[in-house]
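This report concerns only the one structure given below.
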Amino acid sequence: MTGKIVKVSGPLIVAEGLADVEMYDVVKVSDKKLIGEVIELRGDKASIQVYEETSGLKVGDDVVSTGAPLSVELGPGLIESIFDGIQRPLNMLMQVSGNRIGRGIEVNSLDRNRKWHFVPTVKVGDSVIAGDVIGTVQETEVVLHKILVPVGAGGEVDFVAEEGDYTVAELVAIVNGKDLTMLQRWPVRKGRPYKSKMAPTLPMVTGQRVIDTLFPIAKGGVAAVPGPFGSGKTVVQHQLAKWADADIIVYVGCGERGNEMTDVLREFPELKDPRTGEPLMKRTVLIANTSDMPVAAREASIYTGITIAEYFRDMGYTVAIMADSTSRWAEALREMSGRLEEMPGEEGYPAYLASRLAEFYERAGIVHVLGSNDVVGAISAIGAVSPPGGDLSEPVSQGTLRIVKVFWGLSAQLAYRRHFPAIDWLTSYSLYDNALADWYAQHVAEDFGALKTELSFVLQEENQLNEIVRLVGMDALGARDRLTMETAKSIREDYLHQNAFHEVDTYSSLDKQYRMMKLILTFYHEALDALDKGAELNDLLNLPVREQIGRSKYIEEEHLDRFDEILRNIKKQINALVSGGGVNA
């Protein structure tokens, strides 16, 4: 079907003569074949958001409907790829048009010429249903790509290709008369189906102490990282991408600065994956839609990312998707809504902002996937939010907080003090605490939860004591309160502060986190007992073991037995001080 342009307004065009098109159908605009998507229908007129620069378009240009919604290509070749917001591979675009992306360039998302080594897992005569694995491809050294029976297909296997090298478009099986290749297509705005959703009960370990200890996220959970400019949102997401306990990483740079995406593109291929020893890119998909790219494609980018994440989830993998940032995505929504002349909601955002946010985050979760076998896959979604001026009362932050269960609130004040990650322990929270408590008790230590609770209590007590200190000074506090203040300082500086660029401190296992907590709180308890027995506070604070506690974060994972030695030194030095024999007694 062909229509004609009657209006051009930035990335929005209106075309008439398209009475039979459907919402979200993809169209090709003008002789330049710009990619667009139908977002509103009124009679035979269709409003279309164009994913490319619209300069040069004019009234009367043709608009041709493809009759299909915006979809992504799913198959071998996703891992290690870098796509734009509508899944065009940036390396191919650069080969065709150079450093600046030209308009109307048509390239396949997945390479049709590259051959993959296909290993069949079924034989002729087998019965399969949607979601079953018919073969595998070793896509990278660390990712085994499972070729799934597409949704809507199933029955008896009439033909299966022999083990060998095939392109994604070549026939590898025939099921119930339907030809199957290694390539599937799926509409980005439609969630991929599954059998059932489960309650999250397993933590996604990130190696970041403030997160794993105080505000953990579950596998299949959703989290928000709001914070003002310069508070470290992107670095937090980079750390999660590097170290999170996930099989596959999907990183969506949604409207962020180009230099930040450049850092990702440079770091990930060089960074060694702690799980495999291979480069992190061997299990990563990057989607880059920087702030200078067309605004309409920004709106599609997170749907592209979550659809790719769902595809790997359906193979039984744990996937972590990072969206940086959903505020830029919401700004794209607002711009398109304004051009559609819709009734604006709060601060000009469309009235459906909250429901669109929910549509994205609700596609995360831990599920029983389709197929004959009982296979579980999970998507954990972490979205950065960039509220103007750090104002968390603005609509995107509030809409996000109503949906997510983990809130890692970043503080500009902590960032200015060079305390990173700048997650504010007084305002942040995790609603997965109770669900994960049993797992921590069984797999880390029985008293992990008790130590964590006491850690939080000391920090809250410090906050209350700070009010007194600001009014009348530190000298007004008693020895026990001053010891609490010093312990809280140790928790902040030695435990919660973590150097992302230090080769040892960048990651802490749960065992190391437990041992570090044990050190700080053991000193606190022993020192309180010593005060009751007449020891001087200054003598306790000047014990040599305190420096050992402070430097314990730099103990390598393979030498965690050193923590036992520091624990013995705490008790030995404090006992010596109390008995009057001196530290070295």
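By convention in this document, the chains of the structure tokens carry letters A, B, ... by their order, each chain's residues are numbered from 1, and ligands are numbered from 1 in the order they are shown.
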If you run DSSP on the backbone here, which positions in region 301-356 of chain A get strand (DSSP E or B)? Please write them as a PyMOL selection string. chain A and resi 318-324+344+350
Do a neighbour search on Met23 (chain A) at 10 Å with only C-alpha atoms, toss out local chain neighbours closer than 4 positions, and write the hits as an NGL selection string. :A and (37-41 or 46-48 or 68-69)
Q.
Can you tell me which residues surround Pro294 (chain A) at a distance of at most 8 Å, considering only C-alpha atoms, apart from same-chain residues fewer than 4 positions away, and format the answer as JSON, numbers by chain?
A. {"A": [11, 51, 52, 53, 298]}
Once you count only C-alpha atoms, what closest atom pair and distance in Å to one decimal does each residue of region 249-362 of chain A within 12 Å of region 166-185 of chain A have, with rows by chain and rising residue number, as CSV?
residue,atom,partner,partner_atom,distance
A:Thr304,CA,A:Arg185,CA,11.6
A:Thr307,CA,A:Arg185,CA,10.3
A:Ile308,CA,A:Arg185,CA,10.5
A:Tyr311,CA,A:Gln184,CA,9.8
Taking all heavy atoms for each residue, export the selection above as a PDB file, in the first residue's frame.
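As a result, again-v4.pdb now contains:
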ATOM      1  N   THR A 304      13.987  -2.870  21.531  1.00  0.00           N
ATOM      2  CA  THR A 304      14.932  -3.735  20.819  1.00  0.00           C
ATOM      3  C   THR A 304      15.769  -4.524  21.814  1.00  0.00           C
ATOM      4  O   THR A 304      15.948  -5.742  21.690  1.00  0.00           O
ATOM      5  CB  THR A 304      15.848  -2.888  19.912  1.00  0.00           C
ATOM      6  OG1 THR A 304      15.041  -2.188  18.954  1.00  0.00           O
ATOM      7  CG2 THR A 304      16.865  -3.745  19.186  1.00  0.00           C
ATOM      8  N   THR A 307      13.737  -7.246  23.806  1.00  0.00           N
ATOM      9  CA  THR A 307      13.358  -8.383  22.958  1.00  0.00           C
ATOM     10  C   THR A 307      14.537  -9.327  22.763  1.00  0.00           C
ATOM     11  O   THR A 307      14.386 -10.555  22.824  1.00  0.00           O
ATOM     12  CB  THR A 307      12.833  -7.894  21.595  1.00  0.00           C
ATOM     13  OG1 THR A 307      11.761  -6.973  21.809  1.00  0.00           O
ATOM     14  CG2 THR A 307      12.334  -9.047  20.761  1.00  0.00           C
ATOM     15  N   ILE A 308      15.730  -8.761  22.547  1.00  0.00           N
ATOM     16  CA  ILE A 308      16.936  -9.595  22.431  1.00  0.00           C
ATOM     17  C   ILE A 308      17.184 -10.325  23.750  1.00  0.00           C
ATOM     18  O   ILE A 308      17.530 -11.523  23.768  1.00  0.00           O
ATOM     19  CB  ILE A 308      18.142  -8.732  22.026  1.00  0.00           C
ATOM     20  CG1 ILE A 308      17.971  -8.229  20.588  1.00  0.00           C
ATOM     21  CG2 ILE A 308      19.449  -9.514  22.161  1.00  0.00           C
ATOM     22  CD1 ILE A 308      19.005  -7.205  20.155  1.00  0.00           C
ATOM     23  N   TYR A 311      14.924 -13.290  24.084  1.00  0.00           N
ATOM     24  CA  TYR A 311      15.353 -14.393  23.214  1.00  0.00           C
ATOM     25  C   TYR A 311      16.381 -15.271  23.923  1.00  0.00           C
ATOM     26  O   TYR A 311      16.284 -16.505  23.909  1.00  0.00           O
ATOM     27  CB  TYR A 311      15.912 -13.806  21.918  1.00  0.00           C
ATOM     28  CG  TYR A 311      16.478 -14.808  20.947  1.00  0.00           C
ATOM     29  CD1 TYR A 311      15.674 -15.784  20.369  1.00  0.00           C
ATOM     30  CD2 TYR A 311      17.827 -14.779  20.592  1.00  0.00           C
ATOM     31  CE1 TYR A 311      16.192 -16.699  19.459  1.00  0.00           C
ATOM     32  CE2 TYR A 311      18.346 -15.677  19.686  1.00  0.00           C
ATOM     33  CZ  TYR A 311      17.530 -16.640  19.119  1.00  0.00           C
ATOM     34  OH  TYR A 311      18.048 -17.544  18.224  1.00  0.00           O
TER      35      TYR A 311
END
Can you list every residue of region 194-229 of chain A that has an atom at most 6 Å from region 405-410 of chain A, with its nearest atom pair and the distance in Å to one decimal, using only C-alpha atoms, ordered by chain then number, as JSON lines?
{"residue": "A:Ala223", "atom": "CA", "partner": "A:Val406", "partner_atom": "CA", "distance": 4.5}
{"residue": "A:Ala224", "atom": "CA", "partner": "A:Phe407", "partner_atom": "CA", "distance": 5.3}
{"residue": "A:Val225", "atom": "CA", "partner": "A:Trp408", "partner_atom": "CA", "distance": 5.0}
{"residue": "A:Pro226", "atom": "CA", "partner": "A:Gly409", "partner_atom": "CA", "distance": 5.4}
{"residue": "A:Gly227", "atom": "CA", "partner": "A:Leu410", "partner_atom": "CA", "distance": 4.6}
